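K.L.:
Have a look at the structure that comes next, please.
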Amino acid sequence: MKKGQKFIKRYDEAFTMLETLIVLAIVLILTSTVGFTAIRSLEKAKSTGARTQIDSFSVALEAYYIDCGTYPTTEQGLEALYKKPETEPTSDYWNGPYISKNVPKDPWGHEYVYENPGKEGHPYSIISYGADGQESGDGKNADITSWEN
């Protein structure tokens with residue numbers, strides 16, 4: 001400021017309370033929209049993850065079958081892919097492990113269901129019951145199976 005010049009306040013350069021509230025409302029609306037979209041994407045990612053794990057188990061089961069001449073029994077379960085089964089029938093040709101670590105739980109924290117013989121005429125079935133862990137359901141609670149796409 002130069003000598004002799006007066007300081008004049010200019011109120012039109014500041015935000016008013018109403019403008020601030022409007023900006024906050026817009027930010028909240030955008031944040032909630034992104035949040036709901038992220039939640040939907042998370043559920044889709046969990047379903048995709050379960051499908052991918054089931055497909056990996058299927059590949060490992062085929063390798064097990066090639067080596068042992070049979071699929072693991074229901075009692076032996078998917079654990080037979082990581083650790084040589086101790087319950088009959090056992091095979092001297094087991095050449096595992098066929099997966100890199102212990103059988104994980106599905107993305108919702110439930111055990112995968114393995115059955116031999118499988119459903120609908122398949123040699124085996126692998127099932128994730130979805131978020132609720134119960135048979136059948138819709139949306140995030142839908143079953144993900146080895147015999148359906």
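Naming works like this for the structure tokens: A, B, ... for the chains as they're shown, residue 1 at the start of each chain, ligands 1 onward in shown order.
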Which residues of region 37-60 of chain A come within 10 Å of region 83-100 of chain A, and for each one, what is the closest pair of atoms and their distance in Å to one decimal, counting only C-alpha atoms, sorted by chain and residue number, as a Markdown table?
P.N.:
```
| residue | atom | partner | partner_atom | distance |
| --- | --- | --- | --- | --- |
| A:Ser56 | CA | A:Ile99 | CA | 8.4 |
| A:Phe57 | CA | A:Ile99 | CA | 7.8 |
| A:Val59 | CA | A:Tyr98 | CA | 8.9 |
| A:Ala60 | CA | A:Tyr98 | CA | 5.4 |
```
K.L.:
Assign secondary structure with DSSP using the backbone only, and return the residues of region 83-134 of chain A in strand (DSSP E or B) as a ChimeraX atom specification.
P.N.:
/A:113-115,125-128
K.L.:
Could you give me the residues within chain A that DSSP places in alpha helix (DSSP H), as a ChimeraX atom specification?
P.N.:
/A:17-68
K.L.:
Calculated over only C-alpha atoms, which of the candidates A:Glu135, A:Pro123, A:Val34, A:Ser146 has the smallest distance to Thr73 (chain A)?
P.N.:
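Answer, going by the shortest atom-to-atom distance: A:Pro123.
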K.L.:
So which residues touch region 44-49 of chain A within 10 Å, counting only C-alpha atoms, skipping near sequence neighbours fewer than 2 positions away, as a PDB file with C-alpha atoms, in the first residue's frame?
P.N.:
```pdb
ATOM      1  CA  ALA A  38     -17.561 -48.526  -5.197  1.00  0.00           C
ATOM      2  CA  ILE A  39     -19.714 -50.828  -3.050  1.00  0.00           C
ATOM      3  CA  ARG A  40     -21.362 -52.299  -6.153  1.00  0.00           C
ATOM      4  CA  SER A  41     -17.950 -52.739  -7.772  1.00  0.00           C
ATOM      5  CA  LEU A  42     -16.652 -54.482  -4.650  1.00  0.00           C
ATOM      6  CA  ARG A  51     -15.335 -67.561 -10.189  1.00  0.00           C
ATOM      7  CA  THR A  52     -11.568 -67.288 -10.773  1.00  0.00           C
ATOM      8  CA  GLN A  53     -10.754 -69.435  -7.733  1.00  0.00           C
ATOM      9  CA  ILE A  54     -13.267 -72.083  -8.811  1.00  0.00           C
ATOM     10  CA  ASP A  55     -11.715 -72.126 -12.301  1.00  0.00           C
ATOM     11  CA  ASP A 106     -14.321 -67.785  -0.766  1.00  0.00           C
ATOM     12  CA  PRO A 107     -14.243 -63.959  -0.902  1.00  0.00           C
ATOM     13  CA  TRP A 108     -17.034 -63.788   1.709  1.00  0.00           C
ATOM     14  CA  SER A 128     -19.518 -70.836  -3.369  1.00  0.00           C
ATOM     15  CA  GLY A 130     -22.179 -66.177  -2.087  1.00  0.00           C
ATOM     16  CA  ALA A 131     -22.374 -63.506   0.583  1.00  0.00           C
ATOM     17  CA  GLY A 139     -27.448 -60.756  -6.471  1.00  0.00           C
ATOM     18  CA  LYS A 140     -24.551 -60.903  -4.028  1.00  0.00           C
ATOM     19  CA  ASN A 141     -26.141 -64.009  -2.426  1.00  0.00           C
ATOM     20  CA  ALA A 142     -26.203 -65.953  -5.715  1.00  0.00           C
ATOM     21  CA  ASP A 143     -24.403 -69.296  -5.902  1.00  0.00           C
ATOM     22  CA  ILE A 144     -21.264 -69.486  -8.013  1.00  0.00           C
TER      23      ILE A 144
END
```
K.L.:
Within 8 Å of Leu78 (chain A), counting only C-alpha atoms, which residues show up once you throw out same-chain ones fewer than 3 positions away? Write them as a list in words, please.
P.N.:
Phe57, Pro72, Leu81, Tyr82, Val103 and Tyr114 of chain A
K.L.:
Atoms to include: C-alpha atoms. Write the selected residues as a tab-separated table (two decimals), in the first residue's frame.
P.N.:
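Produced file part26.tsv, reproduced below:
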```tsv
chain	number	residue	atom	x	y	z
A	57	PHE	CA	-9.49	-75.44	-8.62
A	72	PRO	CA	-10.62	-86.58	-4.87
A	81	LEU	CA	-4.96	-80.65	-4.12
A	82	TYR	CA	-2.50	-79.29	-1.57
A	103	VAL	CA	-7.39	-74.02	0.00
A	114	TYR	CA	-16.73	-79.75	-3.07
```
K.L.:
What is the CA of Ile126 (chain A)-CA of Tyr112 (chain A) distance in Å, reported with one decimal?
P.N.:
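Interatomic distance here is 6.6 Å.
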K.L.:
Can you measure CA of Ser125 (chain A) to CA of Tyr71 (chain A) for me? One decimal in Å is fine.
P.N.:
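Going from CA of Ser125 (chain A) over to CA of Tyr71 (chain A), I get 10.9 Å.
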K.L.:
Can you tell me how far CA of Ile127 (chain A) sits from CA of Val113 (chain A), in Å to one decimal?
P.N.:
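Value for the CA of Ile127 (chain A)-CA of Val113 (chain A) distance: 5.0 Å.
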